[in-house]
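Student: Contents of entry.cif (mmCIF, C-alpha atoms) are given next:
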data_upload
#
loop_
_atom_site.label_atom_id
_atom_site.label_comp_id
_atom_site.auth_asym_id
_atom_site.auth_seq_id
_atom_site.Cartn_x
_atom_site.Cartn_y
_atom_site.Cartn_z
CA MET A 1 117.24 138.70 108.65
CA ASP A 2 113.79 137.39 107.78
CA LEU A 3 110.21 138.46 108.43
CA ASP A 4 109.74 136.13 111.43
CA GLU A 5 112.74 137.59 113.23
CA VAL A 6 111.57 141.14 112.61
CA ALA A 7 107.98 140.38 113.63
CA ASP A 8 109.16 138.80 116.87
CA ARG A 9 111.13 141.93 117.71
CA LEU A 10 108.35 144.35 116.78
CA TYR A 11 105.50 142.57 118.56
CA ALA A 12 107.54 142.48 121.75
CA LEU A 13 107.48 146.30 121.83
CA PRO A 14 104.83 148.53 123.41
CA PRO A 15 102.37 149.95 120.84
CA SER A 16 103.81 153.45 121.36
CA GLU A 17 107.18 152.25 120.00
CA PHE A 18 105.89 149.99 117.25
CA THR A 19 105.47 152.43 114.35
CA ALA A 20 108.92 154.00 114.62
CA ALA A 21 110.58 150.59 115.06
CA ARG A 22 108.70 149.17 112.07
CA ALA A 23 109.85 152.08 109.89
CA ALA A 24 113.44 151.54 111.03
CA GLU A 25 113.30 147.81 110.32
CA ALA A 26 111.77 148.41 106.85
CA ARG A 27 114.43 151.00 106.08
CA ALA A 28 117.23 148.66 107.20
CA ALA A 29 115.89 145.87 104.98
CA LYS A 30 115.68 148.24 102.01
CA GLU A 31 119.20 149.53 102.57
CA ALA A 32 120.37 145.90 102.70
CA GLY A 33 118.90 145.40 99.23
CA ASP A 34 115.88 143.30 100.26
CA VAL A 35 113.02 145.39 98.89
CA ARG A 36 110.48 142.56 99.18
CA LEU A 37 111.22 142.09 102.89
CA SER A 38 111.03 145.85 103.41
CA ARG A 39 107.52 145.89 101.93
CA GLU A 40 106.42 142.92 104.05
CA ILE A 41 107.70 144.62 107.20
CA ALA A 42 105.83 147.82 106.31
CA LYS A 43 102.59 145.79 106.10
CA LEU A 44 102.86 144.55 109.71
CA ARG A 45 99.99 146.04 111.69
CA LYS A 46 100.40 147.89 114.95
CA PRO A 47 98.88 145.89 117.84
CA THR A 48 96.19 147.23 120.12
CA VAL A 49 97.07 147.64 123.79
CA SER A 50 95.16 144.47 124.71
CA ALA A 51 96.87 142.45 121.94
CA TRP A 52 100.27 143.73 123.07
CA ALA A 53 99.50 142.76 126.69
CA VAL A 54 98.72 139.19 125.61
CA ASN A 55 101.80 139.09 123.35
CA ARG A 56 103.94 140.16 126.31
CA LEU A 57 102.28 137.48 128.44
CA ALA A 58 103.26 134.83 125.88
CA ARG A 59 106.89 135.96 126.05
CA GLU A 60 107.30 136.68 129.75
CA HIS A 61 105.03 134.02 131.29
CA PRO A 62 104.95 131.09 128.84
CA ALA A 63 104.46 128.49 131.60
CA ASP A 64 101.38 130.22 133.01
CA LEU A 65 99.91 130.61 129.52
CA ALA A 66 100.64 126.94 128.77
CA GLU A 67 98.77 125.98 131.95
CA LEU A 68 95.72 127.97 130.86
CA ILE A 69 95.75 126.43 127.39
CA ASP A 70 96.08 122.94 128.89
CA VAL A 71 93.02 123.59 131.07
CA GLY A 72 91.19 124.52 127.90
CA ARG A 73 92.27 121.33 126.16
CA ARG A 74 91.06 119.21 129.08
CA LEU A 75 87.83 121.20 129.30
CA ARG A 76 87.07 120.63 125.61
CA ALA A 77 87.77 116.93 126.01
CA ALA A 78 85.39 116.70 128.98
CA TRP A 79 82.76 118.58 126.99
CA GLU A 80 83.18 116.16 124.09
CA GLU A 81 82.80 113.19 126.44
CA GLN A 82 79.82 114.78 128.22
CA ASP A 83 81.52 114.22 131.57
CA ALA A 84 79.42 116.49 133.79
CA ALA A 85 81.48 115.96 136.96
CA ARG A 86 84.74 116.65 135.14
CA LEU A 87 83.20 119.71 133.47
CA ALA A 88 82.24 121.19 136.81
CA GLU A 89 85.73 120.61 138.22
CA LEU A 90 87.51 122.05 135.18
CA ALA A 91 85.14 125.02 134.91
CA GLN A 92 86.14 126.09 138.41
CA LEU A 93 89.81 125.57 137.62
CA ARG A 94 89.39 127.54 134.42
CA GLY A 95 88.07 130.53 136.34
CA GLU A 96 90.96 130.44 138.81
CA VAL A 97 93.69 130.08 136.18
CA THR A 98 92.14 132.65 133.82
CA ALA A 99 91.95 135.23 136.63
CA ARG A 100 95.58 134.65 137.60
CA VAL A 101 96.88 134.74 134.02
CA GLY A 102 94.75 137.82 133.30
CA ARG A 103 96.40 139.64 136.21
CA LEU A 104 99.81 138.74 134.82
CA ALA A 105 98.85 140.16 131.42
CA ARG A 106 97.79 143.47 133.01
CA ARG A 107 100.83 143.77 135.25
CA GLY A 108 103.53 146.28 134.38
CA GLY A 109 101.65 148.00 131.56
CA ASP A 110 99.20 150.82 130.94
CA VAL A 111 96.17 148.59 130.36
CA SER A 112 92.86 150.44 130.64
CA PRO A 113 89.70 148.72 131.95
CA ALA A 114 88.38 148.41 128.38
CA ALA A 115 91.66 146.87 127.19
CA GLY A 116 91.61 144.57 130.23
CA THR A 117 88.20 143.31 129.17
CA GLU A 118 89.62 142.55 125.72
CA VAL A 119 92.51 140.68 127.35
CA ASP A 120 89.99 138.50 129.20
CA GLN A 121 88.07 137.84 125.98
CA THR A 122 91.28 136.85 124.23
CA LEU A 123 92.25 134.44 127.01
CA ASP A 124 88.75 132.94 126.94
CA ALA A 125 89.10 132.39 123.20
CA ALA A 126 92.43 130.63 123.78
CA VAL A 127 90.74 128.32 126.29
CA VAL A 128 87.86 127.19 124.07
CA ASP A 129 89.49 127.22 120.64
CA ALA A 130 92.69 125.41 119.69
CA GLU A 131 93.46 127.74 116.77
CA ALA A 132 93.08 130.80 118.99
CA ALA A 133 95.39 129.16 121.54
CA ALA A 134 98.06 128.72 118.85
CA GLU A 135 97.75 132.39 117.85
CA VAL A 136 98.09 133.52 121.44
CA ARG A 137 101.15 131.36 122.09
CA ARG A 138 102.81 132.77 118.96
CA GLY A 139 102.80 136.23 120.53
CA ARG A 140 102.00 138.28 117.41
CA LEU A 141 98.40 139.35 117.92
CA VAL A 142 97.39 142.65 116.37
CA LYS A 143 93.89 142.76 117.87
CA PRO A 144 91.97 140.94 120.61
CA LEU A 145 90.32 137.60 119.87
CA HIS A 146 86.67 136.77 120.47
CA TYR A 147 84.52 133.66 120.35
CA SER A 148 80.84 132.81 120.37
CA GLY A 149 79.48 129.83 122.24
CA PHE A 150 81.72 127.45 124.15
CA ALA A 151 82.74 124.36 122.18
CA PRO A 152 81.56 122.20 119.31
CA ALA A 153 78.61 119.95 120.01
CA PRO A 154 79.58 116.48 121.22
CA VAL A 155 80.30 113.99 118.48
CA PRO A 156 77.45 111.44 118.29
CA ARG A 157 78.49 108.01 119.38
CA GLU A 158 77.40 105.07 117.31
CA ARG A 159 75.50 102.39 119.13
CA PRO A 160 77.11 98.99 119.07
CA ALA A 161 75.51 96.60 116.64
CA ARG A 162 73.19 94.09 118.27
CA LYS A 163 74.28 90.53 118.29
CA PRO A 164 71.90 87.95 116.91
CA ARG A 165 69.51 86.69 119.58
CA GLU A 166 70.41 83.27 120.80
CA SER A 167 67.79 80.66 121.63
CA GLY A 168 67.19 79.28 125.08
CA ALA A 169 67.33 80.67 128.58
CA ALA A 170 70.97 81.71 128.25
CA GLY A 171 70.12 83.85 125.21
CA GLY A 172 67.24 85.47 127.06
CA GLY A 173 69.47 86.30 130.01
CA GLU A 174 72.08 87.88 127.76
CA ASP A 175 69.40 89.93 126.01
CA GLU A 176 68.11 91.17 129.34
CA ALA A 177 71.62 92.11 130.47
CA ARG A 178 72.23 93.90 127.18
CA ARG A 179 68.99 95.84 127.53
CA ARG A 180 69.91 96.89 131.06
CA GLU A 181 73.32 98.05 129.88
CA GLU A 182 71.77 100.03 127.02
CA ASP A 183 69.28 101.58 129.43
CA ARG A 184 72.10 102.54 131.78
CA LYS A 185 74.06 104.14 128.94
CA ALA A 186 70.99 105.96 127.67
CA LYS A 187 70.28 107.32 131.16
CA ALA A 188 73.90 108.42 131.60
CA ARG A 189 73.84 110.14 128.23
CA ALA A 190 70.54 111.88 129.05
CA GLU A 191 72.04 113.15 132.31
CA ALA A 192 75.16 114.36 130.49
CA GLU A 193 73.03 116.13 127.87
CA ALA A 194 70.99 117.80 130.62
CA ALA A 195 74.20 118.97 132.30
CA HIS A 196 75.45 120.18 128.93
CA ARG A 197 72.30 122.25 128.40
CA GLU A 198 72.53 123.75 131.89
CA TRP A 199 76.18 124.72 131.43
CA LEU A 200 75.48 126.12 127.98
CA GLU A 201 72.60 128.26 129.27
CA ALA A 202 74.73 129.50 132.17
CA LEU A 203 77.60 130.25 129.81
CA GLU A 204 75.42 132.13 127.34
CA ALA A 205 73.92 134.21 130.16
CA ALA A 206 77.39 135.01 131.52
CA GLN A 207 78.62 135.86 128.03
CA ARG A 208 75.71 138.25 127.46
CA GLU A 209 76.35 139.99 130.78
CA HIS A 210 80.09 140.11 130.06
CA ASP A 211 79.53 141.70 126.63
CA GLU A 212 77.02 144.22 128.01
CA ARG A 213 79.39 145.29 130.77
CA ALA A 214 82.32 145.45 128.34
CA GLU A 215 80.31 147.73 126.07
CA LYS A 216 79.35 149.90 129.04
CA VAL A 217 83.00 150.19 130.07
CA ALA A 218 83.95 151.10 126.49
CA ARG A 219 81.27 153.83 126.40
CA LEU A 220 82.52 155.24 129.70
CA GLU A 221 86.09 155.19 128.41
CA ARG A 222 85.00 157.16 125.33
CA LYS A 223 83.18 159.69 127.52
CA LEU A 224 86.23 159.98 129.76
CA ASP A 225 88.50 160.60 126.76
CA LYS A 226 86.13 163.31 125.54
CA ALA A 227 86.00 164.90 128.99
CA ARG A 228 89.80 164.87 129.20
CA GLY A 229 89.98 166.59 125.82
CA LYS A 230 87.62 169.32 127.00
CA LEU A 231 89.61 169.67 130.23
CA ALA A 232 92.79 170.13 128.20
CA GLU A 233 91.09 172.85 126.15
CA VAL A 234 89.92 174.66 129.29
CA ALA A 235 93.39 174.33 130.84
CA GLN A 236 94.88 175.90 127.73
CA ARG A 237 92.42 178.81 127.90
CA LEU A 238 93.21 179.18 131.60
CA ASP A 239 96.94 179.46 130.86
CA VAL A 240 96.27 182.09 128.19
CA ALA A 241 94.01 184.06 130.57
CA ARG A 242 96.63 183.95 133.31
CA ARG A 243 99.33 185.24 130.99
CA GLU A 244 97.12 188.02 129.69
CA GLU A 245 96.07 188.97 133.22
CA ARG A 246 99.72 189.22 134.32
CA GLN A 247 100.59 191.39 131.33
CA ALA A 248 97.57 193.63 131.94
CA ARG A 249 98.58 193.98 135.61
CA ARG A 250 102.12 194.96 134.65
CA ARG A 251 100.82 197.59 132.24
CA LEU A 252 98.52 198.88 134.98
CA ASP A 253 101.43 199.08 137.44
CA ARG A 254 103.45 201.09 134.94
#
Any chance you could give the structure as structure tokens?

Tutor:
Amino acid sequence: MDLDEVADRLYALPPSEFTAARAAEARAAKEAGDVRLSREIAKLRKPTVSAWAVNRLAREHPADLAELIDVGRRLRAAWEEQDAARLAELAQLRGEVTARVGRLARRGGDVSPAAGTEVDQTLDAAVVDAEAAAEVRRGRLVKPLHYSGFAPAPVPRERPARKPRESGAAGGGEDEARRREEDRKAKARAEAEAAHREWLEALEAAQREHDERAEKVARLERKLDKARGKLAEVAQRLDVARREERQARRRLDR
């Protein structure tokens, strides 16, 4: 038994079962004489509900998760190449695949709206960041992942060195053709940069709205939890009052 095997077993469990299972695994390792492993197991952190939902997704729907991550890889490549048409196509595909995979992550578990928002943020991080994608595929998240921005800025492309100007009409014609080609490339790059700016502005606006709504949902969840606690207190007082009323009635009847 090693730490990887234990971690794989523990992070496949619902959060409600994690703590007891971790204690049992640590105790088994200690009883087997591996005190160091026992300590390492005890240090494993309990996952949040959203992290567990994504971990379960990685185990139960690896093909769907792989599809989402591949869309992210292609999207980053298109961003790097400043391919506006490809970006538009992949951005639409990203939305469709993310929505479908997000539904799979929520299915079959007690995932609150706030936790669902964190699932979406984690999947978005896996799309835009290769390291986040590797973490998600591993299936051992302890908390949701986040990202800021979309992707690294495009890598500047070096201009080809100019060839020495040749004399004569032929040289002049080649120079003119080279200038036209450079103008065409410059125009294409300017258009790609403009598309990049538009997508970045749209993304930042969507991210701001997403974060604001996620925070609002989290606040409502906290208020709901507080209201449920007060309801439980009132219900307890109601039970006590009912019991006392029944006892008082029996004494009155006697």

Student: In Å to one decimal, how far is atom CA of Ala63 of chain A from atom CA of Arg137 of chain A?

Tutor: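 Going from atom CA of Arg137 of chain A over to atom CA of Ala63 of chain A, I get 10.5 Å.
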
Student: Applied to the shown file, which residues does the PyMOL selection byres ((chain A and resi 108-110) around 9) return, written as a count of residues only?

Tutor: 9

Student: Counting all atoms listed in the file, which residues of segment 37-124 of chain A fall within 9 Å of segment 218-234 of chain A, and what is the closest atom pair for each with its distance in Å at one decimal, ordered by chain and rising number, as a Markdown table?

Tutor:
| residue | atom | partner | partner_atom | distance |
| --- | --- | --- | --- | --- |
| A:Ser112 | CA | A:Glu221 | CA | 8.6 |
| A:Pro113 | CA | A:Glu221 | CA | 8.2 |
| A:Ala114 | CA | A:Ala218 | CA | 5.5 |
| A:Ala115 | CA | A:Ala218 | CA | 8.8 |

Student: Take atom CA of Lys185 of chain A and atom CA of Gly72 of chain A and report the distance between them in Å, one decimal.

Tutor: 26.6 Å

Student: Quick check on the file I pasted: which residues fall under the PyMOL selection byres ((chain A and resi 4-10) around 8)? Write them as an NGL selection string.

Tutor: :A and (1-3 or 11-13 or 18 or 21-22 or 25 or 41 or 44 or 139-140)

Student: Given the selection you just returned, output its residues as a file containing C-alpha atoms, formatted as a PDB file, in the frame of the given file.

Tutor:
ATOM      1  CA  MET A   1     117.240 138.700 108.650  1.00  0.00           C
ATOM      2  CA  ASP A   2     113.790 137.390 107.780  1.00  0.00           C
ATOM      3  CA  LEU A   3     110.210 138.460 108.430  1.00  0.00           C
ATOM      4  CA  TYR A  11     105.500 142.570 118.560  1.00  0.00           C
ATOM      5  CA  ALA A  12     107.540 142.480 121.750  1.00  0.00           C
ATOM      6  CA  LEU A  13     107.480 146.300 121.830  1.00  0.00           C
ATOM      7  CA  PHE A  18     105.890 149.990 117.250  1.00  0.00           C
ATOM      8  CA  ALA A  21     110.580 150.590 115.060  1.00  0.00           C
ATOM      9  CA  ARG A  22     108.700 149.170 112.070  1.00  0.00           C
ATOM     10  CA  GLU A  25     113.300 147.810 110.320  1.00  0.00           C
ATOM     11  CA  ILE A  41     107.700 144.620 107.200  1.00  0.00           C
ATOM     12  CA  LEU A  44     102.860 144.550 109.710  1.00  0.00           C
ATOM     13  CA  GLY A 139     102.800 136.230 120.530  1.00  0.00           C
ATOM     14  CA  ARG A 140     102.000 138.280 117.410  1.00  0.00           C
TER      15      ARG A 140
END

Student: Between A:Ala186, A:Asn55, A:Glu67, A:Arg254, single out the one closest to Thr122 of chain A, counting only C-alpha atoms.

Tutor: A:Asn55

Student: Please compute the atom CA of Arg74 of chain A-atom CA of Val101 of chain A distance, one decimal, in Å.

Tutor: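 Here the two named atoms are 17.3 Å from each other.
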
Student: Taking (92.7, 127.1, 138.2) in the file's coordinates as the center, which residues reach within 12 Å of it, counting all atoms listed in the file, put as a PyMOL selection string?

Tutor: chain A and resi 64-65+67-72+75+89-102

Student: Where does the PyMOL selection byres ((chain A and resi 29) around 10) land in this file, that is, which residues does it pick, as a ChimeraX atom specification?

Tutor: /A:1-3,6,23-28,30-41

Student: Using all atoms of segment 78-89 of chain A that appear in the file, construct an axis-aligned enclosing box with 4 Å of padding on every side and provide its centre coordinates and edge lengths in Å, rounded to one decimal, as AutoDock Vina command-line options.

Tutor:
--center_x 82.6 --center_y 117.2 --center_z 131.2 --size_x 14.3 --size_y 16.0 --size_z 22.1

Student: Name the closest residue to Thr19 of chain A among the candidates A:Glu182, A:Ala42, A:Lys143, A:Gln121; distances are taken between atoms, counting only C-alpha atoms.

Tutor: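 Closest residue, counting only C-alpha atoms: A:Ala42.
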